[in-house]
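S.K.: Provided below: structure-v6.cif, containing mmCIF, C-alpha atoms and all ligand atoms.
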```
data_protein
loop_
_atom_site.label_atom_id
_atom_site.label_comp_id
_atom_site.auth_asym_id
_atom_site.auth_seq_id
_atom_site.Cartn_x
_atom_site.Cartn_y
_atom_site.Cartn_z
CA MET A 144 -85.96 140.31 -72.52
CA SER A 145 -83.57 141.54 -69.85
CA SER A 146 -81.25 144.31 -70.83
CA VAL A 147 -78.10 144.93 -68.90
CA PRO A 148 -76.60 148.41 -68.42
CA ILE A 149 -73.21 148.38 -70.13
CA PRO A 150 -70.64 151.15 -69.46
CA PRO A 151 -70.38 153.42 -72.53
CA ALA A 152 -67.59 152.89 -75.03
CA PRO A 153 -65.09 155.73 -75.58
CA PRO A 154 -65.81 157.99 -78.60
CA VAL A 155 -63.11 156.22 -80.63
CA THR A 156 -62.68 152.52 -79.87
CA ASN A 157 -59.69 150.25 -80.36
CA ALA A 158 -62.01 147.99 -82.37
CA ARG A 159 -62.81 150.80 -84.83
CA VAL A 160 -59.17 151.86 -85.21
CA ALA A 161 -58.10 148.24 -85.75
CA SER A 162 -60.75 147.87 -88.44
CA ALA A 163 -59.50 151.05 -90.14
CA LEU A 164 -55.88 149.86 -90.00
CA LEU A 165 -56.93 146.62 -91.73
CA ALA A 166 -58.67 148.63 -94.43
CA LEU A 167 -55.40 150.54 -95.00
CA ALA A 168 -53.53 147.22 -95.11
CA ASP A 169 -56.01 145.78 -97.64
CA ALA A 170 -55.49 148.83 -99.87
CA GLU A 171 -51.72 148.19 -100.05
CA PRO A 172 -50.13 145.63 -102.39
CA PRO A 173 -50.28 142.26 -100.58
CA GLY A 174 -47.11 141.56 -98.62
CA ALA A 175 -45.89 145.17 -98.91
CA ARG A 176 -44.20 146.51 -95.80
CA PRO A 177 -46.98 148.98 -94.81
CA ALA A 178 -49.65 146.25 -95.16
CA VAL A 179 -47.71 143.98 -92.81
CA GLU A 180 -47.23 146.82 -90.31
CA TYR A 181 -50.89 147.89 -90.32
CA ARG A 182 -52.03 144.30 -89.86
CA SER A 183 -49.69 143.73 -86.91
CA ALA A 184 -50.83 146.96 -85.29
CA ALA A 185 -54.49 146.02 -85.81
CA ALA A 186 -53.89 142.68 -84.10
CA THR A 187 -52.27 144.48 -81.17
CA LEU A 188 -55.17 146.91 -80.83
CA ARG A 189 -57.74 144.11 -80.85
CA GLN A 190 -55.91 142.45 -77.95
CA LEU A 191 -55.17 145.45 -75.73
CA PRO A 192 -56.96 145.34 -72.36
CA ASP A 193 -57.39 149.13 -72.28
CA GLU A 194 -58.93 151.53 -74.75
CA LEU A 195 -56.34 153.93 -76.21
CA HIS A 196 -58.64 156.92 -76.61
CA GLY A 197 -57.95 159.63 -74.05
CA ARG A 198 -54.81 157.98 -72.71
CA ARG A 199 -51.44 159.66 -72.94
CA ILE A 200 -49.20 156.84 -73.98
CA HIS A 201 -46.39 156.39 -76.44
CA LEU A 202 -48.11 154.49 -79.28
CA GLY A 203 -44.79 153.38 -80.76
CA GLY A 204 -44.10 151.58 -77.49
CA LEU A 205 -47.01 149.19 -78.04
CA PRO A 206 -46.07 145.66 -79.14
CA HIS A 207 -45.70 145.29 -82.93
CA VAL A 208 -46.59 148.94 -83.58
CA THR A 209 -44.10 150.60 -85.95
CA PRO A 210 -43.71 154.39 -86.28
CA ARG A 211 -45.83 154.32 -89.48
CA ALA A 212 -48.65 152.38 -87.75
CA ALA A 213 -48.37 154.62 -84.66
CA ASP A 214 -48.91 157.68 -86.86
CA ALA A 215 -52.00 156.10 -88.41
CA ILE A 216 -53.39 155.15 -85.00
CA ALA A 217 -52.80 158.68 -83.67
CA ALA A 218 -54.57 160.17 -86.68
CA PHE A 219 -57.60 157.90 -86.24
CA LEU A 220 -57.76 158.51 -82.48
CA SER A 221 -57.84 162.25 -83.10
CA CYS A 222 -60.93 161.88 -85.30
CA GLY A 223 -63.09 162.26 -82.22
CA SER A 224 -65.64 159.55 -82.94
CA ASP A 225 -65.89 156.09 -84.49
CA GLU A 226 -68.09 157.59 -87.19
CA SER A 227 -65.47 160.21 -88.07
CA VAL A 228 -62.86 157.45 -88.27
CA GLY A 229 -65.06 155.98 -91.00
CA ASP A 230 -65.23 159.32 -92.81
CA ARG A 231 -61.48 159.79 -92.61
CA LEU A 232 -60.88 156.27 -93.85
CA SER A 233 -63.25 156.78 -96.79
CA ALA A 234 -61.31 159.93 -97.69
CA LEU A 235 -58.00 158.06 -97.51
CA LEU A 236 -59.25 155.13 -99.57
CA ASP A 237 -61.31 157.28 -101.93
CA ARG A 238 -64.26 154.96 -101.25
CA GLU A 239 -66.12 153.18 -98.45
CA ASP A 240 -64.23 150.37 -96.73
CA PRO A 241 -65.26 147.37 -98.90
CA ALA A 242 -64.65 144.97 -95.98
CA SER A 243 -66.69 146.82 -93.35
CA GLU A 244 -69.43 144.16 -93.36
CA ARG A 245 -66.83 141.48 -92.57
CA LYS A 246 -65.68 143.41 -89.47
CA ARG A 247 -69.08 144.37 -88.10
CA GLU A 248 -70.13 143.26 -84.60
CA TYR A 249 -66.71 142.09 -83.44
CA LEU A 250 -65.52 143.01 -79.97
CA SER A 251 -61.96 143.89 -79.05
CA ARG A 252 -60.46 142.70 -75.78
CA ALA A 253 -61.03 146.21 -74.36
CA ASP A 254 -64.72 145.99 -75.33
CA VAL A 255 -64.98 142.64 -73.57
CA ASP A 256 -63.35 143.92 -70.38
CA ARG A 257 -65.60 146.99 -70.35
CA ILE A 258 -68.76 144.96 -70.94
CA LEU A 259 -67.85 142.43 -68.26
CA ALA A 260 -67.03 145.22 -65.78
CA ALA A 261 -70.74 146.06 -65.54
CA PRO A 262 -72.15 144.81 -62.23
CA GLU A 263 -75.16 143.00 -63.71
CA GLY A 264 -75.64 140.23 -66.22
CA ILE A 265 -74.20 136.80 -66.77
CA SER A 266 -70.64 136.67 -65.44
CA PRO A 267 -67.60 134.37 -65.45
CA ALA A 268 -68.71 132.98 -62.08
CA ASP A 269 -71.92 131.68 -63.68
CA LEU A 270 -70.08 129.33 -66.03
CA ARG A 271 -69.33 125.85 -64.71
CA ALA A 272 -67.83 124.38 -67.87
CA ASP A 273 -66.43 124.85 -71.33
CA VAL A 274 -68.10 122.61 -73.89
CA HIS A 275 -66.14 123.21 -77.12
CA LEU A 276 -62.51 122.15 -76.68
CA HIS A 277 -59.81 120.64 -78.91
CA THR A 278 -56.67 118.70 -78.06
CA ASP A 279 -53.52 117.77 -79.96
CA ARG A 280 -55.36 114.67 -81.19
CA SER A 281 -57.15 116.81 -83.79
CA ASP A 282 -56.06 120.34 -84.70
CA GLY A 283 -55.23 121.68 -81.22
CA THR A 284 -51.92 121.82 -79.36
CA ILE A 285 -52.91 120.77 -75.82
CA PRO A 286 -52.50 117.15 -74.71
CA LEU A 287 -55.72 115.82 -73.15
CA ALA A 288 -54.20 115.32 -69.69
CA GLU A 289 -53.00 118.93 -69.68
CA LEU A 290 -56.38 120.28 -70.78
CA HIS A 291 -58.09 118.22 -68.09
CA ARG A 292 -55.68 119.55 -65.44
CA ALA A 293 -56.07 123.18 -66.59
CA LEU A 294 -59.88 123.12 -66.47
CA ALA A 295 -60.04 121.28 -63.14
CA GLY A 296 -57.41 123.65 -61.78
CA ARG A 297 -59.36 126.78 -62.62
CA GLY A 298 -62.42 125.46 -60.80
CA ASP A 299 -64.61 124.22 -63.65
CA ARG A 300 -66.98 121.41 -62.62
CA TYR A 301 -67.26 119.60 -65.93
CA ALA A 302 -66.36 119.91 -69.62
CA LEU A 303 -67.28 118.47 -73.00
CA LEU A 304 -64.31 117.46 -75.12
CA THR A 305 -64.98 118.07 -78.82
CA ASP A 306 -62.14 117.02 -81.12
CA HIS A 307 -62.93 116.74 -84.82
CA ALA A 308 -63.77 113.45 -86.45
CA ARG A 309 -61.60 112.08 -89.23
CA ASP A 310 -63.86 113.09 -92.11
CA LEU A 311 -63.11 116.75 -91.62
CA ALA A 312 -60.18 117.11 -93.99
CA VAL A 313 -59.05 120.46 -92.56
CA ALA A 314 -58.39 119.22 -89.08
CA GLY A 315 -56.58 115.91 -88.73
CA GLY A 316 -59.36 114.28 -86.81
CA LEU A 317 -60.21 111.09 -84.97
CA HIS A 318 -61.45 107.65 -86.03
CA ALA A 319 -63.97 105.69 -83.99
CA GLY A 320 -61.05 103.82 -82.40
CA ASP A 321 -59.39 107.10 -81.42
CA PHE A 322 -62.56 108.20 -79.64
CA ALA A 323 -62.58 104.90 -77.74
CA ALA A 324 -58.98 105.62 -76.68
CA GLN A 325 -59.99 109.13 -75.55
CA ALA A 326 -62.85 107.59 -73.55
CA ARG A 327 -60.41 105.30 -71.74
CA GLU A 328 -58.01 108.15 -71.02
CA LEU A 329 -60.87 110.31 -69.74
CA GLU A 330 -61.96 107.53 -67.42
CA ARG A 331 -58.47 107.51 -65.89
CA LEU A 332 -58.26 111.29 -65.64
CA ASN A 333 -61.79 111.71 -64.25
CA ALA A 334 -61.05 109.08 -61.58
CA ARG A 335 -58.41 111.46 -60.21
CA THR A 336 -60.67 114.51 -59.99
CA GLY A 337 -63.75 112.56 -58.82
CA GLU A 338 -66.78 114.64 -57.89
CA GLU A 339 -64.86 117.89 -58.33
CA PHE A 340 -64.48 117.76 -62.10
CA GLY A 341 -65.45 115.44 -64.91
CA MET A 342 -64.80 115.70 -68.64
CA LEU A 343 -67.39 114.16 -70.95
CA LEU A 344 -66.52 112.79 -74.34
CA GLY A 345 -68.08 114.53 -77.30
CA ALA A 346 -66.89 115.54 -80.74
CA GLU A 347 -67.14 118.48 -83.09
CA ALA A 348 -69.07 116.99 -85.97
CA ASN A 349 -69.10 118.46 -89.45
CA ILE A 350 -72.36 119.42 -91.12
CA ALA A 351 -72.06 118.42 -94.78
CA GLU A 352 -73.65 120.55 -97.46
CA ASP A 353 -76.77 118.36 -97.47
CA GLY A 354 -77.12 118.66 -93.68
CA THR A 355 -75.82 115.17 -92.89
CA ILE A 356 -73.37 114.79 -90.01
CA ASP A 357 -70.10 112.87 -90.06
CA VAL A 358 -70.04 111.61 -86.48
CA LEU A 359 -72.90 110.96 -84.06
CA PRO A 360 -73.48 108.84 -80.96
CA ALA A 361 -75.49 106.54 -83.26
CA ASN A 362 -72.27 105.48 -85.08
CA VAL A 363 -69.77 106.17 -82.27
CA PRO A 364 -71.71 105.19 -79.12
CA VAL A 365 -68.89 106.22 -76.79
CA LEU A 366 -69.77 109.87 -77.54
CA ALA A 367 -72.14 111.61 -75.13
CA ALA A 368 -73.27 114.04 -77.84
CA VAL A 369 -71.77 116.32 -80.49
CA VAL A 370 -71.32 119.95 -81.34
CA ALA A 371 -72.29 120.12 -85.02
CA SER A 372 -70.74 122.90 -87.11
CA VAL A 373 -70.41 124.07 -90.68
CA HIS A 374 -66.86 124.23 -92.08
CA THR A 375 -67.49 124.23 -95.84
CA GLU A 376 -69.55 126.28 -98.33
CA LEU A 377 -69.38 129.33 -96.08
CA ARG A 378 -69.09 132.04 -98.72
CA GLY A 379 -71.70 131.23 -101.33
CA PRO A 380 -74.93 133.17 -101.83
CA LYS A 381 -77.02 129.98 -101.47
CA ASP A 382 -79.54 129.89 -98.62
CA GLN A 383 -78.46 127.27 -96.06
CA THR A 384 -81.57 127.09 -93.88
CA ALA A 385 -82.38 123.48 -94.82
CA ARG A 386 -78.80 122.37 -94.12
CA LEU A 387 -78.82 123.85 -90.61
CA VAL A 388 -82.37 122.76 -89.74
CA ARG A 389 -81.57 119.20 -90.81
CA ALA A 390 -78.48 119.24 -88.61
CA VAL A 391 -80.22 120.41 -85.44
CA GLU A 392 -82.96 117.83 -85.93
CA ARG A 393 -80.47 114.96 -85.85
CA PRO A 394 -80.52 112.95 -82.57
CA GLY A 395 -77.19 113.30 -80.79
CA VAL A 396 -76.62 116.90 -81.83
CA ALA A 397 -76.58 118.95 -78.62
CA ILE A 398 -75.07 122.22 -79.84
CA LEU A 399 -75.07 124.05 -83.16
CA GLY A 400 -71.44 125.24 -83.32
CA HIS A 401 -70.37 128.66 -84.71
CA PRO A 402 -73.69 128.85 -86.62
CA LYS A 403 -72.72 131.49 -89.20
CA GLY A 404 -69.20 130.25 -89.86
CA ARG A 405 -68.05 133.85 -90.08
CA LEU A 406 -64.41 134.94 -89.70
CA TYR A 407 -63.16 138.43 -88.86
CA ASN A 408 -62.24 140.40 -91.99
CA MET A 409 -62.50 137.18 -94.05
CA ARG A 410 -66.12 136.21 -94.54
CA THR A 411 -69.58 136.96 -93.20
CA GLY A 412 -70.57 133.28 -93.20
CA VAL A 413 -73.65 131.40 -94.32
CA ARG A 414 -76.96 132.89 -95.33
CA ALA A 415 -80.02 131.39 -93.72
CA SER A 416 -83.50 132.21 -92.47
CA TRP A 417 -82.29 132.36 -88.90
CA ASP A 418 -85.82 132.51 -87.49
CA ARG A 419 -86.43 129.02 -88.90
CA VAL A 420 -83.08 127.66 -87.75
CA PHE A 421 -83.59 129.01 -84.23
CA ALA A 422 -87.20 127.80 -84.09
CA ALA A 423 -86.02 124.28 -84.99
CA ALA A 424 -83.25 124.42 -82.38
CA ALA A 425 -85.61 125.73 -79.69
CA GLU A 426 -88.15 123.04 -80.55
CA ARG A 427 -85.53 120.27 -80.19
CA GLY A 428 -83.76 121.75 -77.15
CA VAL A 429 -80.52 122.11 -79.12
CA ALA A 430 -78.25 124.88 -77.81
CA ILE A 431 -76.93 127.61 -80.07
CA GLU A 432 -73.24 128.27 -79.63
CA VAL A 433 -71.81 131.68 -78.91
CA ASN A 434 -68.26 130.86 -79.95
CA GLY A 435 -65.80 133.11 -78.12
CA CYS A 436 -62.82 132.72 -80.45
CA PRO A 437 -62.00 136.41 -81.19
CA GLU A 438 -61.78 135.73 -84.93
CA ARG A 439 -65.19 134.03 -84.91
CA GLN A 440 -67.45 135.68 -82.26
CA ASP A 441 -70.22 133.55 -83.71
CA LEU A 442 -73.13 134.26 -83.07
CA PRO A 443 -72.81 138.04 -83.11
CA PRO A 444 -74.92 139.91 -80.52
CA SER A 445 -77.74 140.89 -82.88
CA LEU A 446 -78.36 137.28 -83.98
CA ALA A 447 -77.95 136.05 -80.39
CA ARG A 448 -80.82 138.38 -79.51
CA THR A 449 -82.94 136.81 -82.27
CA ALA A 450 -82.11 133.34 -80.93
CA LEU A 451 -83.00 134.40 -77.41
CA ALA A 452 -86.37 135.71 -78.57
CA ALA A 453 -86.94 132.39 -80.38
CA GLY A 454 -86.59 130.57 -77.05
CA CYS A 455 -83.18 128.99 -77.71
CA LEU A 456 -80.72 127.60 -75.23
CA PHE A 457 -77.08 128.70 -75.56
CA ALA A 458 -73.57 127.32 -75.05
CA LEU A 459 -70.87 129.90 -74.28
CA THR A 460 -67.60 128.37 -75.41
CA SER A 461 -63.94 129.10 -76.12
CA ASP A 462 -63.37 126.61 -79.00
CA ALA A 463 -59.88 126.46 -77.48
CA HIS A 464 -57.17 124.89 -79.62
CA ALA A 465 -54.35 126.02 -77.30
CA HIS A 466 -53.89 126.75 -73.62
CA ARG A 467 -54.19 130.53 -73.91
CA HIS A 468 -57.46 130.16 -75.86
CA LEU A 469 -59.29 128.98 -72.74
CA ALA A 470 -59.76 132.67 -71.87
CA PHE A 471 -61.82 133.18 -75.05
CA GLN A 472 -64.96 132.27 -73.11
CA ARG A 473 -64.87 135.88 -71.92
CA PHE A 474 -65.75 137.01 -75.46
CA SER A 475 -68.80 134.74 -75.51
CA LEU A 476 -69.84 136.03 -72.09
CA ALA A 477 -69.59 139.62 -73.31
CA ILE A 478 -71.71 138.79 -76.37
CA ALA A 479 -74.24 137.07 -74.09
CA ARG A 480 -74.42 140.22 -71.97
CA LEU A 481 -74.95 142.42 -75.03
CA ALA A 482 -77.74 140.09 -76.12
CA GLY A 483 -79.28 139.98 -72.63
CA ILE A 484 -78.96 136.19 -72.33
CA PRO A 485 -79.65 135.07 -68.75
CA ALA A 486 -77.56 132.31 -67.11
CA ALA A 487 -80.65 130.08 -66.89
CA ARG A 488 -80.63 129.73 -70.70
CA VAL A 489 -76.94 128.77 -70.84
CA VAL A 490 -76.41 125.01 -70.73
CA ASN A 491 -72.83 125.25 -69.47
CA ALA A 492 -73.99 127.40 -66.55
CA TRP A 493 -76.15 124.50 -65.36
CA PRO A 494 -75.07 122.03 -62.68
CA ARG A 495 -73.34 118.95 -64.04
CA GLU A 496 -76.28 116.56 -63.42
CA ARG A 497 -78.67 118.78 -65.31
CA PHE A 498 -76.21 119.22 -68.18
CA GLU A 499 -75.74 115.43 -68.42
CA GLU A 500 -79.50 114.84 -68.37
CA TRP A 501 -79.88 117.35 -71.16
CA LEU A 502 -77.14 115.62 -73.21
CA GLU A 503 -78.91 112.30 -72.70
CA GLU A 504 -82.16 113.83 -73.96
CA ARG A 505 -80.35 115.11 -77.05
CA ARG A 506 -79.02 111.57 -77.67
CA GLN A 507 -82.55 110.23 -77.57
CA GLY A 508 -83.64 112.99 -79.97
ZN ZN A 601 -65.46 124.35 -85.97
ZN ZN A 602 -63.94 123.74 -82.82
#
```
Written as structure tokens, that's how I'd like the structure from this file.
M.R.:
Amino acid sequence: MSSVPIPPAPPVTNARVASALLALADAEPPGARPAVEYRSAAATLRQLPDELHGRRIHLGGLPHVTPRAADAIAAFLSCGSDESVGDRLSALLDREDPASERKREYLSRADVDRILAAPEGISPADLRADVHLHTDRSDGTIPLAELHRALAGRGDRYALLTDHARDLAVAGGLHAGDFAAQARELERLNARTGEEFGMLLGAEANIAEDGTIDVLPANVPVLAAVVASVHTELRGPKDQTARLVRAVERPGVAILGHPKGRLYNMRTGVRASWDRVFAAAAERGVAIEVNGCPERQDLPPSLARTALAAGCLFALTSDAHAHRHLAFQRFSLAIARLAGIPAARVVNAWPRERFEEWLEERRQG
């Protein structure tokens, strides 16, 4: 397995301070002023391009950082190391941070920029496409024509559109007829960009608790393939190996989307024997998603390493629901670098013809 030299993190990271601020917020009565302030400051820290440690800046001048939050940040920064931040936090809370597991292995924007600054490893230039994208037809905000223009304009060569199907109650969603309408619109849009850029029609399918899938090329033939993801039963202690294995074995499933279903500071996601899930995916040639949404970052680097060792393919995606989310692919690239994933294993780093051939193979099962 290749391992890429990554520049060292500062002794105290924005990610660690943000996590500590959230622990302070969680210890306050919900909705209380300090809780709101700590949460806003944590969000700011997770999005800053530069690490704060060692910089002489006015913390109160940062966006959404109140004097109270600035004091807390300063105190954590002065701890000297991420580990000491943990000790200080435990002293303040009078116990260990009960949510630490739900914030483990999440990168801040500053982490991502640092990791991608290393000269070696998979890089933004390796990616030719984004293959997990939503429009305003399901739960996103971008009209299809605008998404198409944005991706073509930034130099992508192809894309896979993946709005939700109707069955997924949380997300609006499309009927078979709506997918047919998307196919017609894509035909028009793709005619304009020709060889330069083409968007393929897929969907984000939902994996039900028994492993069945709500939308597949078999019932909506206009779809090239689907990203299949779990959106329910994400907190229970039940082992979900069979559910995930069944999903990746279904013809028409090309990508296993956000496999854990984890969310930052909310839930750690499903339990499964990941070796078995990844072995099934590798066997079928189904790609494992590294979802770059900052709140998801799913898979985390340690599991991505396990998937790599199992022989899996990967898809590095943004799961964009809005224009500014298109940049989230950088998070998935940074995770791929931490896991040592080479571009050759990343399906959306392949040329368009190869990607389309691979989709066709997934359709055939
Ligand atoms: Zn999803
Ligand atoms: Zn999605």
S.K.: Given a cut-off of 7 Å, what residues near ligand ZN 601 (chain A) show up using all atoms listed in the file, put as a list of chain:residue names?
M.R.: A:Glu347, A:Ser372, A:Val373, A:His374, A:Gly400, A:His401
S.K.: For Ala423 in chain A, work out the shell of residues within 9 Å, counting all atoms listed in the file and skipping chain neighbours fewer than 4 positions away, then give it as a short mmCIF file (atom, residue, chain, number, x, y, z; two decimals) with C-alpha atoms, in the frame of the given file.
M.R.:
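As a result, result00.cif now contains:
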```cif
data_model
loop_
_atom_site.label_atom_id
_atom_site.label_comp_id
_atom_site.auth_asym_id
_atom_site.auth_seq_id
_atom_site.Cartn_x
_atom_site.Cartn_y
_atom_site.Cartn_z
CA VAL A 388 -82.37 122.76 -89.74
CA ARG A 389 -81.57 119.20 -90.81
CA VAL A 391 -80.22 120.41 -85.44
CA GLU A 392 -82.96 117.83 -85.93
CA ASP A 418 -85.82 132.51 -87.49
CA ARG A 419 -86.43 129.02 -88.90
CA ARG A 427 -85.53 120.27 -80.19
CA GLY A 428 -83.76 121.75 -77.15
CA VAL A 429 -80.52 122.11 -79.12
#
```
S.K.: At a cut-off of 9 Å, using only C-alpha atoms, what residues contact Arg414 in chain A? Leave out same-chain residues fewer than 6 positions from it and give the result as a PDB file with C-alpha atoms, in the frame of the given file.
M.R.:
```pdb
ATOM      1  CA  LEU A 377     -69.380 129.330 -96.080  1.00  0.00           C
ATOM      2  CA  ARG A 378     -69.090 132.040 -98.720  1.00  0.00           C
ATOM      3  CA  GLY A 379     -71.700 131.230-101.330  1.00  0.00           C
ATOM      4  CA  PRO A 380     -74.930 133.170-101.830  1.00  0.00           C
ATOM      5  CA  LYS A 381     -77.020 129.980-101.470  1.00  0.00           C
ATOM      6  CA  ASP A 382     -79.540 129.890 -98.620  1.00  0.00           C
ATOM      7  CA  GLN A 383     -78.460 127.270 -96.060  1.00  0.00           C
ATOM      8  CA  THR A 384     -81.570 127.090 -93.880  1.00  0.00           C
ATOM      9  CA  LYS A 403     -72.720 131.490 -89.200  1.00  0.00           C
TER      10      LYS A 403
END
```
S.K.: To check your reading of the model: which residues sit at most 8 Å from ligand ZN 602 (chain A) when counting all atoms listed in the file? Write the answer as a ChimeraX atom specification.
M.R.: /A:275-277,305-307,347,400,462-464
S.K.: Would you mind listing what lies within 6 Å of range 156-167 of chain A as JSON, numbers by chain, with only C-alpha atoms counted and same-chain residues fewer than 4 positions away left out?
M.R.: {"A": [181, 182, 185, 188, 189, 194, 251]}
S.K.: Could you state the separation of CA of Glu289 in chain A and CA of His466 in chain A in Å, given to one decimal place?
M.R.: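 Going from CA of Glu289 in chain A over to CA of His466 in chain A, I get 8.8 Å.
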